[in-house]
Amino acid sequence: MKSDIEIAQEAVMIPIKEVAEAYGIKEDDLEAYGKYKAKLTDELWEEIKDRPDGKLVLVTAINPTPAGEGKTTTTVGLGEAFGKMNKKAMIALREPSLGPCFGIKGGAAGGGYAQVVPMEDLNLHFTGDFHAITSANNLLAALLDNHIHQGNQLGIDSRQILWKRCLDMNDRALRNLVVGLGAKADGFVREDHFVITVASEIMAILCLANDMKDLKDRLGRIIVAYNFAGEPVTAAQLHAVGAMAALLKDALKPNLIQTLEHTGAIVHGGPFANIAHGCNSVRATKTALKLADVVVTEAGFGADLGAEKFLDIKCRSANLKPDAVVLVATVRALKYNGGVPKDQLQEENLAALEKGIVNLEKHIENMQKYGVPVIVTLNSFITDTEAEYQFIKKFCEDRNCEFALSQVWEKGGEGGIELAEKVLYTLENKESNYKPIYPDEMNLKDKIGTVAKEIYGADGVSYVPAAERALKKIEDMGFGNLPVCMAKTQYSLSDDQTKLGRPEGFTITVRDAYVSAGAGFVVALTGAIMTMPGLPKKPAADNIDVNEEGVITGLF
């Protein structure tokens with residue numbers, strides 16, 4: 001079988017204006033970045049905003065394992081399958097981060113014959129959105145330090161600076177550092193930190209903003225530090241909003257590309273789901289809903305992270321109502337959750353499957369708590385057996401879930417028709433009664449406790465003293481009505497990545513919390529989660545190259 005990048009490079013793409021035409025988008029409503037990618041103009045939104053919405057389908061997954069689940073691959077393949085069935089469908093995805101691309105995960109354009117293209121462009125610089133976000137973030141950091149250097153009129157306490165610089169790269173050496181060393185003209189010496197760009201509040205703001213006015217309002221609310229009186233200092237007080245918005249002007253516009261089978265894909269924004277809210281932009285999703293009858297979107301990592309935040313943060317903020325949830329699993333991943341080593345996953349093992357399927361069971365229960373119909377799909381592998389399929393099918397149907405086998409990696413849209421039929425049946429015959437899992441008026445600790453108990457299955461939550469103080473201060477400042485964004489390992493339902501399956505008898509430890517006032521949520525840091533990842537011993541970057549003809553290899 002060819003590699004993903006080989007398949008993508010052999011693809012015959014059609015000009016992006018032809019992809020757009022299939023959705024009634026005029027060439028004047030495109031800002032082209034070459035022949036195969038374009039941004040959608042603000043004028044397009046004004047033309048379509050009063051149309052009725054299509055159906056919204058969220059694709060999520062069980063907890064990720066080294067065996068791989070194929071959530072993006074399933075999302076893309078499902079969109080392609082609808083195209084095979086002559087349904088007007090569109091895909092709404094996040095943009096990949098350079099961190100995992102050069103780190104351990106690789107690219108994020110789907111896989112096999114269910115990919116979005118141009119794959120290399122998407123995984124690398126794309127249309128420059130992440131560069132704009134990085135620049136806006138670091139402009140604010142520079143203005144903050146310059147304000148202190150130039151007399152500190154706002155009385156900023158340099159011991160209580162919250163705003164961090166960012167870079168879209170896994171670079172552990174930047175987690176903790178000292179800035180301002182040197183001469184007097186080089187600024188005040190202080191401890192500083194970097195986060196990866198996809199964990200920056202600017203990324204979250206861009207993804208949750210409805211338009212330029214909303215973007216600027218949110219940017220202005222960013223709390224960058226506290227003054228000597230303990231009061232918050234905002235980006236608006238630093239007069240940073242206009243310049244940041246200028247940098248983000250084009251990045252705010254959604255990007256249109258295509259799948260291998262020419263289904264339209266709006267790819268925009270890319271916050272991590274383990275340390276941010278993990279969904280593509282509100283603008284991307286809302287635009288797709290006006291252009292297509294069915295929109296297939298995804299949320300990062302497992303349903304305990306990405307889907308929970310999609311349902312509790314994004315849908316709440318943007319007034320979206322999902323009509324169905326597709327929950328992706330693999331036989332291999334379920335056996336891994338049942339204790340089978342990675343090198344033995346190709347062997348049939350029903351006992352391990354029965355032990356590990358409790359992870360899937362918990363995710364099914366969680367999604368049903370939101371009142372949204374669930375379809376489970378198995379991303380198939382050649383080593384899977386009929387007995388394993390039948391066991392999982394019965395397990396899901398016994399829990400009031402539709403079930404379908406997905407073969408989109410191997411067959412593209414054709415391999416997703418069984419799943420697409422189940423999704424269409426669900427959309428036509430089952431009503432979504434979506435509601436968030438907690439109300440706005442609940443206090444922050446109760447919101448955290450609700451997610452920990454209801455979604456993770458924890459017995460309770462313990463707070464270190466710093467987290468207790470932080471949450472009290474956030475509520476005292478008037479932000480207690482915001483939703484919570486849990487920063488937690490993606491590998492386990494608990495905050496301990498070694499606890500696989502469906503852990504029981506554990507507590508979630510919250511070690512700190514802070515308010516992202518512009519994004520509109522409160523972040524609770526659990527366990528050992530980090531906002532600046534590091535590279536593995538053998539990073540994916542080792543295998544990436546480009547030849548003299550400009551052909552990239554090893555990207556995925």
# chains A, B, ... in the order shown; residues from 1 in each chain; ligands from 1
call {"tool": "residues_around", "arguments": {"residues": "stretch 531-539 of chain A", "least_positions_apart": "4", "cutoff": "10 Å", "atoms": "only C-alpha atoms", "output": "JSON, numbers by chain"}}
result
{"A": [99, 100, 101, 102, 103, 104, 105, 106, 166, 167, 168, 169, 170, 171, 172, 173, 174, 175, 176, 193, 194, 195, 196, 197, 198, 199, 200, 272, 274, 275, 276, 487, 525, 543, 544]}
call {"tool": "residues_around", "arguments": {"residues": "stretch 455-472 of chain A", "least_positions_apart": "4", "cutoff": "10 Å", "atoms": "only C-alpha atoms", "output": "NGL selection string"}}
result
:A and (303-305 or 308 or 362-363 or 365-367 or 369 or 437 or 443-446 or 448-451 or 476-477 or 479-480 or 492-495 or 502-515 or 522-526)
call {"tool": "write_last_selection", "arguments": {"atoms": "N, CA and C atoms", "output": "CSV table (one decimal), in the first residue's frame"}}
result
chain,number,residue,atom,x,y,z
A,303,ALA,N,-13.6,11.4,22.9
A,303,ALA,CA,-14.8,12.1,23.2
A,303,ALA,C,-14.8,12.8,24.6
A,304,ASP,N,-14.0,12.3,25.5
A,304,ASP,CA,-13.9,12.9,26.8
A,304,ASP,C,-13.3,14.3,26.7
A,305,LEU,N,-12.5,14.6,25.7
A,305,LEU,CA,-11.9,15.9,25.5
A,305,LEU,C,-12.6,16.7,24.4
A,308,GLU,N,-16.6,16.6,24.4
A,308,GLU,CA,-17.1,17.3,25.5
A,308,GLU,C,-17.0,18.8,25.4
A,362,LYS,N,-18.0,3.6,27.8
A,362,LYS,CA,-18.1,4.8,28.5
A,362,LYS,C,-18.3,6.0,27.6
A,363,HIS,N,-17.7,6.0,26.5
A,363,HIS,CA,-17.8,7.1,25.5
A,363,HIS,C,-19.2,7.1,24.9
A,365,GLU,N,-22.0,6.1,26.5
A,365,GLU,CA,-22.8,6.6,27.6
A,365,GLU,C,-22.7,8.1,27.7
A,366,ASN,N,-21.4,8.6,27.6
A,366,ASN,CA,-21.2,10.1,27.7
A,366,ASN,C,-21.9,10.8,26.6
A,367,MET,N,-21.8,10.4,25.4
A,367,MET,CA,-22.4,11.1,24.3
A,367,MET,C,-24.0,11.1,24.4
A,369,LYS,N,-25.6,11.2,27.1
A,369,LYS,CA,-25.9,12.1,28.2
A,369,LYS,C,-26.3,13.5,27.6
A,437,ILE,N,-24.0,19.6,29.4
A,437,ILE,CA,-24.0,18.8,30.6
A,437,ILE,C,-24.1,19.5,31.9
A,443,ASN,N,-21.4,26.9,39.8
A,443,ASN,CA,-20.1,27.5,40.1
A,443,ASN,C,-19.0,26.6,39.4
A,444,LEU,N,-17.8,27.2,39.4
A,444,LEU,CA,-16.7,26.6,38.6
A,444,LEU,C,-16.3,25.2,39.1
A,445,LYS,N,-16.3,25.1,40.5
A,445,LYS,CA,-15.9,23.8,41.0
A,445,LYS,C,-16.9,22.7,40.7
A,446,ASP,N,-18.2,23.1,40.7
A,446,ASP,CA,-19.2,22.1,40.4
A,446,ASP,C,-19.2,21.8,38.9
A,448,ILE,N,-16.4,21.7,37.1
A,448,ILE,CA,-15.3,20.8,37.0
A,448,ILE,C,-15.7,19.4,37.5
A,449,GLY,N,-16.4,19.4,38.6
A,449,GLY,CA,-16.8,18.2,39.2
A,449,GLY,C,-17.8,17.4,38.4
A,450,THR,N,-18.6,18.1,37.7
A,450,THR,CA,-19.6,17.5,36.8
A,450,THR,C,-18.9,16.8,35.6
A,451,VAL,N,-18.0,17.5,35.0
A,451,VAL,CA,-17.2,16.8,33.9
A,451,VAL,C,-16.4,15.6,34.4
A,476,ASP,N,-14.4,35.7,41.9
A,476,ASP,CA,-14.5,37.0,42.4
A,476,ASP,C,-14.5,38.1,41.4
A,477,MET,N,-13.8,37.8,40.3
A,477,MET,CA,-13.7,38.8,39.2
A,477,MET,C,-14.9,38.8,38.3
A,479,PHE,N,-16.2,35.9,36.6
A,479,PHE,CA,-16.2,34.9,35.5
A,479,PHE,C,-16.7,33.5,35.8
A,480,GLY,N,-17.4,33.4,36.9
A,480,GLY,CA,-17.9,32.1,37.4
A,480,GLY,C,-18.9,31.5,36.5
A,492,SER,N,-6.1,8.7,28.5
A,492,SER,CA,-6.9,8.0,29.5
A,492,SER,C,-8.2,8.9,29.8
A,493,LEU,N,-9.2,8.2,30.3
A,493,LEU,CA,-10.4,8.9,30.8
A,493,LEU,C,-10.0,9.7,32.1
A,494,SER,N,-9.0,9.2,32.8
A,494,SER,CA,-8.5,9.8,34.0
A,494,SER,C,-7.4,10.8,33.6
A,495,ASP,N,-6.8,11.4,34.7
A,495,ASP,CA,-5.6,12.3,34.4
A,495,ASP,C,-4.3,11.6,34.5
A,502,ARG,N,-11.6,1.6,31.2
A,502,ARG,CA,-12.6,2.4,31.9
A,502,ARG,C,-12.2,2.5,33.4
A,503,PRO,N,-11.3,3.4,33.7
A,503,PRO,CA,-10.7,3.4,35.1
A,503,PRO,C,-11.9,3.7,36.1
A,504,GLU,N,-11.7,3.2,37.3
A,504,GLU,CA,-12.6,3.4,38.4
A,504,GLU,C,-11.8,3.7,39.7
A,505,GLY,N,-12.5,4.3,40.7
A,505,GLY,CA,-11.9,4.6,41.9
A,505,GLY,C,-10.7,5.6,41.9
A,506,PHE,N,-10.8,6.6,41.0
A,506,PHE,CA,-9.8,7.6,40.9
A,506,PHE,C,-10.4,9.0,41.1
A,507,THR,N,-9.5,9.9,41.5
A,507,THR,CA,-9.9,11.3,41.5
A,507,THR,C,-9.1,12.1,40.5
A,508,ILE,N,-9.6,13.2,40.1
A,508,ILE,CA,-9.0,14.1,39.1
A,508,ILE,C,-8.3,15.2,40.0
A,509,THR,N,-7.0,15.5,39.7
A,509,THR,CA,-6.3,16.5,40.5
A,509,THR,C,-6.2,17.8,39.6
A,510,VAL,N,-6.7,18.9,40.1
A,510,VAL,CA,-6.6,20.2,39.4
A,510,VAL,C,-5.5,20.9,40.1
A,511,ARG,N,-4.4,21.2,39.4
A,511,ARG,CA,-3.2,21.8,40.0
A,511,ARG,C,-3.2,23.4,39.8
A,512,ASP,N,-4.0,23.9,38.8
A,512,ASP,CA,-4.0,25.3,38.6
A,512,ASP,C,-5.2,25.6,37.7
A,513,ALA,N,-5.6,26.9,37.6
A,513,ALA,CA,-6.7,27.3,36.7
A,513,ALA,C,-6.4,28.8,36.3
A,514,TYR,N,-6.9,29.1,35.2
A,514,TYR,CA,-6.8,30.5,34.7
A,514,TYR,C,-8.0,30.8,33.8
A,515,VAL,N,-8.3,32.1,33.7
A,515,VAL,CA,-9.4,32.5,32.9
A,515,VAL,C,-8.9,32.9,31.5
A,522,VAL,N,-12.9,29.0,31.3
A,522,VAL,CA,-11.9,28.9,32.3
A,522,VAL,C,-11.2,27.6,32.2
A,523,VAL,N,-9.9,27.7,32.1
A,523,VAL,CA,-9.0,26.5,31.9
A,523,VAL,C,-8.6,25.9,33.2
A,524,ALA,N,-8.9,24.6,33.4
A,524,ALA,CA,-8.5,23.9,34.6
A,524,ALA,C,-7.4,22.9,34.2
A,525,LEU,N,-6.2,23.1,34.7
A,525,LEU,CA,-5.0,22.2,34.4
A,525,LEU,C,-5.0,21.0,35.4
A,526,THR,N,-5.1,19.8,34.8
A,526,THR,CA,-5.1,18.6,35.6
A,526,THR,C,-3.8,17.8,35.4
call {"tool": "closest_residue", "arguments": {"among": "A:Thr426, A:Gln258, A:Thr74, A:Ser317", "to": "A:Ala519", "atoms": "only C-alpha atoms"}}
result
A:Ser317
call {"tool": "residues_around", "arguments": {"residues": "stretch 222-233 of chain A", "least_positions_apart": "3", "cutoff": "8 Å", "atoms": "only C-alpha atoms", "output": "PDB file with N, CA and C atoms, in the first residue's frame"}}
result
ATOM      1  N   LEU A 144       3.342  44.308  26.094  1.00  0.00           N
ATOM      2  CA  LEU A 144       3.280  44.185  27.556  1.00  0.00           C
ATOM      3  C   LEU A 144       4.635  44.503  28.181  1.00  0.00           C
ATOM      4  N   LEU A 154       0.399  51.445  34.035  1.00  0.00           N
ATOM      5  CA  LEU A 154      -0.702  50.643  34.549  1.00  0.00           C
ATOM      6  C   LEU A 154      -0.356  49.917  35.847  1.00  0.00           C
ATOM      7  N   GLY A 155       0.872  50.087  36.312  1.00  0.00           N
ATOM      8  CA  GLY A 155       1.270  49.457  37.568  1.00  0.00           C
ATOM      9  C   GLY A 155       1.264  47.936  37.499  1.00  0.00           C
ATOM     10  N   ILE A 156       1.714  47.379  36.395  1.00  0.00           N
ATOM     11  CA  ILE A 156       1.704  45.921  36.218  1.00  0.00           C
ATOM     12  C   ILE A 156       2.728  45.274  37.151  1.00  0.00           C
ATOM     13  N   ASP A 157       2.285  44.268  37.860  1.00  0.00           N
ATOM     14  CA  ASP A 157       3.169  43.522  38.760  1.00  0.00           C
ATOM     15  C   ASP A 157       3.869  42.444  37.924  1.00  0.00           C
ATOM     16  N   SER A 158       5.175  42.617  37.705  1.00  0.00           N
ATOM     17  CA  SER A 158       5.908  41.690  36.834  1.00  0.00           C
ATOM     18  C   SER A 158       5.968  40.277  37.418  1.00  0.00           C
ATOM     19  N   GLN A 160       3.255  38.865  38.417  1.00  0.00           N
ATOM     20  CA  GLN A 160       1.929  38.320  38.128  1.00  0.00           C
ATOM     21  C   GLN A 160       1.544  38.526  36.661  1.00  0.00           C
ATOM     22  N   ILE A 161       2.500  38.262  35.777  1.00  0.00           N
ATOM     23  CA  ILE A 161       2.219  38.327  34.343  1.00  0.00           C
ATOM     24  C   ILE A 161       1.698  36.971  33.886  1.00  0.00           C
ATOM     25  N   LEU A 162       0.550  36.979  33.252  1.00  0.00           N
ATOM     26  CA  LEU A 162      -0.100  35.749  32.812  1.00  0.00           C
ATOM     27  C   LEU A 162       0.176  35.423  31.353  1.00  0.00           C
ATOM     28  N   TRP A 163       0.364  36.444  30.543  1.00  0.00           N
ATOM     29  CA  TRP A 163       0.466  36.237  29.091  1.00  0.00           C
ATOM     30  C   TRP A 163       1.803  35.594  28.722  1.00  0.00           C
ATOM     31  N   ARG A 218     -13.323  40.300  21.880  1.00  0.00           N
ATOM     32  CA  ARG A 218     -12.690  39.205  22.616  1.00  0.00           C
ATOM     33  C   ARG A 218     -11.213  39.490  22.872  1.00  0.00           C
ATOM     34  N   LEU A 219     -10.518  40.011  21.873  1.00  0.00           N
ATOM     35  CA  LEU A 219      -9.105  40.357  22.059  1.00  0.00           C
ATOM     36  C   LEU A 219      -8.945  41.374  23.182  1.00  0.00           C
ATOM     37  N   ALA A 236      -6.884  45.438  25.989  1.00  0.00           N
ATOM     38  CA  ALA A 236      -7.456  46.730  25.605  1.00  0.00           C
ATOM     39  C   ALA A 236      -6.746  47.872  26.316  1.00  0.00           C
ATOM     40  N   GLN A 237      -6.383  47.678  27.590  1.00  0.00           N
ATOM     41  CA  GLN A 237      -5.674  48.717  28.343  1.00  0.00           C
ATOM     42  C   GLN A 237      -4.277  48.958  27.787  1.00  0.00           C
ATOM     43  N   VAL A 515      -8.323  32.070  33.694  1.00  0.00           N
ATOM     44  CA  VAL A 515      -9.444  32.457  32.856  1.00  0.00           C
ATOM     45  C   VAL A 515      -8.936  32.933  31.503  1.00  0.00           C
ATOM     46  N   SER A 516      -9.511  32.394  30.434  1.00  0.00           N
ATOM     47  CA  SER A 516      -9.316  32.929  29.090  1.00  0.00           C
ATOM     48  C   SER A 516     -10.537  33.798  28.814  1.00  0.00           C
ATOM     49  N   ALA A 517     -10.459  35.036  29.280  1.00  0.00           N
ATOM     50  CA  ALA A 517     -11.635  35.907  29.265  1.00  0.00           C
ATOM     51  C   ALA A 517     -12.063  36.254  27.846  1.00  0.00           C
ATOM     52  N   GLY A 518     -11.103  36.337  26.933  1.00  0.00           N
ATOM     53  CA  GLY A 518     -11.443  36.625  25.540  1.00  0.00           C
ATOM     54  C   GLY A 518     -12.096  35.448  24.858  1.00  0.00           C
TER      55      GLY A 518
END
call {"tool": "closest_residue", "arguments": {"among": "A:Leu353, A:Ala251, A:Ala32, A:Leu345", "to": "A:Thr383", "atoms": "only C-alpha atoms"}}
result
A:Leu345
call {"tool": "select_by_dssp", "arguments": {"residues": "stretch 242-307 of chain A", "states": "strand (DSSP E or B)", "output": "ChimeraX atom specification"}}
result
/A:255-259,264-267,279,294-299
call {"tool": "write_last_selection", "arguments": {"atoms": "N, CA and C atoms", "output": "compact mmCIF listing (two decimals), in the first residue's frame"}}
result
# COMPACT_ATOMS: atom_id res chain seq x y z
N ASN A 255 -10.86 28.74 5.23
CA ASN A 255 -10.14 28.23 4.07
C ASN A 255 -10.93 27.10 3.41
N LEU A 256 -10.97 27.11 2.08
CA LEU A 256 -11.64 26.05 1.33
C LEU A 256 -10.63 25.24 0.54
N ILE A 257 -10.65 23.91 0.73
CA ILE A 257 -9.86 22.99 -0.09
C ILE A 257 -10.78 21.83 -0.48
N GLN A 258 -10.21 20.69 -0.87
CA GLN A 258 -11.03 19.58 -1.36
C GLN A 258 -10.49 18.25 -0.87
N THR A 259 -11.34 17.23 -0.90
CA THR A 259 -10.88 15.87 -0.62
C THR A 259 -10.35 15.26 -1.92
N GLY A 264 -15.99 19.37 -0.92
CA GLY A 264 -15.48 20.59 -0.31
C GLY A 264 -15.13 20.40 1.16
N ALA A 265 -14.04 21.02 1.57
CA ALA A 265 -13.60 20.95 2.97
C ALA A 265 -13.20 22.35 3.43
N ILE A 266 -13.91 22.85 4.43
CA ILE A 266 -13.53 24.12 5.04
C ILE A 266 -12.63 23.79 6.23
N VAL A 267 -11.38 24.22 6.16
CA VAL A 267 -10.38 23.87 7.16
C VAL A 267 -9.89 25.16 7.80
N CYS A 279 -11.69 22.39 18.67
CA CYS A 279 -12.66 22.37 17.57
C CYS A 279 -12.24 23.38 16.50
N VAL A 294 -25.59 18.43 4.64
CA VAL A 294 -24.99 17.71 5.77
C VAL A 294 -23.57 18.20 5.95
N VAL A 295 -23.22 18.56 7.16
CA VAL A 295 -21.86 18.99 7.48
C VAL A 295 -21.24 17.99 8.45
N VAL A 296 -20.07 17.50 8.09
CA VAL A 296 -19.35 16.55 8.93
C VAL A 296 -18.15 17.26 9.52
N THR A 297 -18.12 17.37 10.84
CA THR A 297 -17.01 18.04 11.51
C THR A 297 -16.41 17.09 12.53
N GLU A 298 -15.28 17.47 13.10
CA GLU A 298 -14.62 16.62 14.08
C GLU A 298 -14.15 17.47 15.25
N ALA A 299 -13.87 16.81 16.35
CA ALA A 299 -13.27 17.46 17.52
C ALA A 299 -12.09 16.60 17.96
call {"tool": "residues_around", "arguments": {"residues": "A:Gly180", "least_positions_apart": "2", "cutoff": "12 Å", "atoms": "only C-alpha atoms", "output": "number ranges by chain"}}
result
A: 142, 145-146, 148-149, 158, 177-178, 182-192
call {"tool": "write_last_selection", "arguments": {"atoms": "N, CA and C atoms", "output": "short mmCIF file (atom, residue, chain, number, x, y, z; two decimals), in the first residue's frame"}}
result
data_model
loop_
_atom_site.label_atom_id
_atom_site.label_comp_id
_atom_site.auth_asym_id
_atom_site.auth_seq_id
_atom_site.Cartn_x
_atom_site.Cartn_y
_atom_site.Cartn_z
N ALA A 142 5.12 41.53 23.41
CA ALA A 142 6.09 42.61 23.25
C ALA A 142 5.55 43.94 23.78
N ASP A 145 5.68 43.87 27.68
CA ASP A 145 7.02 44.12 28.24
C ASP A 145 7.48 45.54 27.96
N ASN A 146 7.12 46.07 26.80
CA ASN A 146 7.50 47.44 26.48
C ASN A 146 6.80 48.43 27.41
N ILE A 148 5.95 47.98 30.50
CA ILE A 148 6.66 47.96 31.78
C ILE A 148 7.97 48.75 31.67
N HIS A 149 8.69 48.52 30.57
CA HIS A 149 9.98 49.20 30.37
C HIS A 149 9.83 50.71 30.25
N SER A 158 5.17 42.62 37.70
CA SER A 158 5.91 41.69 36.83
C SER A 158 5.97 40.28 37.42
N LEU A 177 11.75 30.16 30.97
CA LEU A 177 12.96 30.88 30.63
C LEU A 177 12.96 32.25 31.29
N VAL A 178 14.07 32.95 31.17
CA VAL A 178 14.21 34.29 31.73
C VAL A 178 14.43 35.26 30.57
N GLY A 182 20.67 41.40 30.20
CA GLY A 182 21.52 42.30 29.42
C GLY A 182 21.55 43.68 30.04
N ALA A 183 21.51 44.69 29.18
CA ALA A 183 21.60 46.08 29.63
C ALA A 183 20.24 46.60 30.06
N LYS A 184 20.24 47.80 30.63
CA LYS A 184 19.00 48.42 31.09
C LYS A 184 17.99 48.57 29.97
N ALA A 185 18.49 48.85 28.75
CA ALA A 185 17.61 49.05 27.60
C ALA A 185 16.94 47.75 27.13
N ASP A 186 17.37 46.62 27.67
CA ASP A 186 16.82 45.33 27.24
C ASP A 186 15.60 44.89 28.04
N GLY A 187 15.11 45.77 28.91
CA GLY A 187 13.87 45.47 29.62
C GLY A 187 14.11 44.95 31.02
N PHE A 188 12.99 44.69 31.71
CA PHE A 188 13.07 44.16 33.08
C PHE A 188 13.30 42.65 33.03
N VAL A 189 14.16 42.20 33.91
CA VAL A 189 14.41 40.75 34.00
C VAL A 189 13.22 40.09 34.70
N ARG A 190 12.70 39.05 34.08
CA ARG A 190 11.60 38.31 34.70
C ARG A 190 11.53 36.90 34.11
N GLU A 191 10.86 36.03 34.82
CA GLU A 191 10.60 34.69 34.29
C GLU A 191 9.50 34.77 33.24
N ASP A 192 9.66 34.00 32.16
CA ASP A 192 8.65 33.97 31.11
C ASP A 192 8.44 32.52 30.67
#
call {"tool": "atom_distance", "arguments": {"atom1": "atom CA of A:Lys314", "atom2": "atom CA of A:Cys485"}}
result
10.6 Å
call {"tool": "select_by_dssp", "arguments": {"residues": "stretch 317-360 of chain A", "states": "helix (DSSP H, G or I)", "output": "VMD selection string"}}
result
chain A and resid 317 to 318 331 to 337 342 to 344 350 to 356 358 to 360
call {"tool": "residues_around", "arguments": {"residues": "stretch 93-97 of chain A", "least_positions_apart": "6", "cutoff": "6 Å", "atoms": "only C-alpha atoms", "output": "PyMOL selection string"}}
result
chain A and resi 108+123+267-270+280+297
call {"tool": "residues_around", "arguments": {"residues": "A:Asp312", "least_positions_apart": "4", "cutoff": "10 Å", "atoms": "only C-alpha atoms", "output": "list in words"}}
result
His277, Gly306, Ala307, Glu308, Arg316, Ser317, Tyr370, Lys435, Pro436, Ile437, Tyr438, Pro439, Asp440, Val451, Pro483, Val484 and Cys485 of chain A
call {"tool": "residues_around", "arguments": {"residues": "A:Asn349", "least_positions_apart": "3", "cutoff": "12 Å", "atoms": "only C-alpha atoms", "output": "compact mmCIF listing (two decimals) with N, CA, C and O atoms, in the first residue's frame"}}
result
# COMPACT_ATOMS: atom_id res chain seq x y z
N VAL A 331 -10.75 -2.15 16.20
CA VAL A 331 -10.56 -3.40 16.92
C VAL A 331 -9.22 -3.38 17.65
O VAL A 331 -9.11 -3.77 18.82
N ARG A 332 -8.20 -2.91 16.97
CA ARG A 332 -6.85 -2.89 17.55
C ARG A 332 -6.79 -2.02 18.80
O ARG A 332 -6.20 -2.40 19.81
N LEU A 334 -9.24 -1.18 20.80
CA LEU A 334 -10.01 -1.78 21.89
C LEU A 334 -9.23 -2.92 22.54
O LEU A 334 -9.26 -3.08 23.77
N LYS A 335 -8.50 -3.70 21.74
CA LYS A 335 -7.67 -4.76 22.32
C LYS A 335 -6.50 -4.16 23.10
O LYS A 335 -6.11 -4.70 24.14
N TYR A 336 -5.97 -3.04 22.63
CA TYR A 336 -4.90 -2.35 23.36
C TYR A 336 -5.42 -1.91 24.73
O TYR A 336 -4.75 -2.05 25.75
N GLY A 338 -7.58 -3.40 26.30
CA GLY A 338 -7.75 -4.64 27.05
C GLY A 338 -6.45 -5.27 27.48
O GLY A 338 -6.44 -6.40 28.00
N GLY A 339 -5.32 -4.56 27.28
CA GLY A 339 -4.03 -5.02 27.79
C GLY A 339 -3.14 -5.72 26.80
O GLY A 339 -2.08 -6.24 27.17
N VAL A 340 -3.50 -5.75 25.51
CA VAL A 340 -2.67 -6.43 24.51
C VAL A 340 -1.54 -5.50 24.08
O VAL A 340 -1.79 -4.34 23.73
N PRO A 341 -0.28 -5.96 24.08
CA PRO A 341 0.84 -5.13 23.61
C PRO A 341 0.67 -4.74 22.15
O PRO A 341 0.01 -5.45 21.37
N GLN A 344 1.17 -7.23 19.27
CA GLN A 344 0.33 -8.44 19.20
C GLN A 344 -1.13 -8.11 18.83
O GLN A 344 -2.00 -8.98 18.90
N LEU A 345 -1.37 -6.89 18.39
CA LEU A 345 -2.74 -6.46 18.14
C LEU A 345 -3.36 -7.09 16.90
O LEU A 345 -4.58 -7.07 16.72
N GLN A 346 -2.54 -7.63 16.01
CA GLN A 346 -3.07 -8.22 14.78
C GLN A 346 -3.70 -9.59 15.01
O GLN A 346 -4.39 -10.13 14.14
N ALA A 352 -9.52 -10.11 25.27
CA ALA A 352 -8.98 -8.75 25.43
C ALA A 352 -9.95 -7.72 24.88
O ALA A 352 -10.09 -6.62 25.43
N LEU A 353 -10.64 -8.07 23.80
CA LEU A 353 -11.62 -7.16 23.22
C LEU A 353 -12.76 -6.91 24.22
O LEU A 353 -13.19 -5.76 24.41
N GLU A 354 -13.21 -7.95 24.87
CA GLU A 354 -14.27 -7.81 25.86
C GLU A 354 -13.81 -6.96 27.04
O GLU A 354 -14.57 -6.16 27.59
N LYS A 355 -12.55 -7.09 27.40
CA LYS A 355 -12.00 -6.31 28.51
C LYS A 355 -11.83 -4.84 28.12
O LYS A 355 -12.11 -3.94 28.91
N GLY A 356 -11.38 -4.59 26.89
CA GLY A 356 -11.07 -3.23 26.47
C GLY A 356 -12.24 -2.44 25.94
O GLY A 356 -12.19 -1.20 25.86
N THR A 383 -6.25 -7.00 9.52
CA THR A 383 -6.05 -8.04 10.53
C THR A 383 -7.30 -8.29 11.37
O THR A 383 -7.33 -9.22 12.17
N ASP A 384 -8.33 -7.45 11.22
CA ASP A 384 -9.56 -7.66 11.98
C ASP A 384 -10.25 -8.95 11.53
O ASP A 384 -10.12 -9.37 10.38
N THR A 385 -11.03 -9.56 12.44
CA THR A 385 -11.74 -10.79 12.09
C THR A 385 -13.24 -10.59 12.19
O THR A 385 -13.72 -9.67 12.88
N GLU A 386 -13.99 -11.46 11.54
CA GLU A 386 -15.45 -11.38 11.55
C GLU A 386 -16.01 -11.54 12.95
O GLU A 386 -16.98 -10.87 13.33
N ALA A 387 -15.39 -12.43 13.73
CA ALA A 387 -15.86 -12.64 15.10
C ALA A 387 -15.72 -11.37 15.92
O ALA A 387 -16.59 -11.02 16.75
N GLU A 388 -14.62 -10.63 15.72
CA GLU A 388 -14.41 -9.37 16.44
C GLU A 388 -15.45 -8.34 16.02
O GLU A 388 -16.01 -7.62 16.86
N TYR A 389 -15.71 -8.25 14.71
CA TYR A 389 -16.72 -7.31 14.22
C TYR A 389 -18.09 -7.60 14.83
O TYR A 389 -18.79 -6.69 15.29
N PHE A 391 -18.88 -9.18 17.54
CA PHE A 391 -18.92 -8.90 18.98
C PHE A 391 -19.17 -7.41 19.22
O PHE A 391 -20.02 -7.03 20.04
call {"tool": "closest_residue", "arguments": {"among": "A:Gly24, A:Pro271, A:Gly128, A:Gly79", "to": "A:Glu421", "atoms": "only C-alpha atoms"}}
result
A:Gly79
call {"tool": "decode", "arguments": {"residues": "stretch 200-209 of chain A", "atoms": "C-alpha atoms", "output": "compact mmCIF listing (two decimals), in the first residue's frame"}}
result
# COMPACT_ATOMS: atom_id res chain seq x y z
CA SER A 200 -2.76 30.15 22.80
CA GLU A 201 -5.86 32.09 23.76
CA ILE A 202 -5.57 33.91 20.43
CA MET A 203 -6.18 30.58 18.68
CA ALA A 204 -9.27 29.94 20.80
CA ILE A 205 -10.53 33.48 20.20
CA LEU A 206 -10.11 33.20 16.43
CA CYS A 207 -12.01 29.91 16.47
CA LEU A 208 -14.91 31.20 18.58
CA ALA A 209 -15.28 34.69 17.05
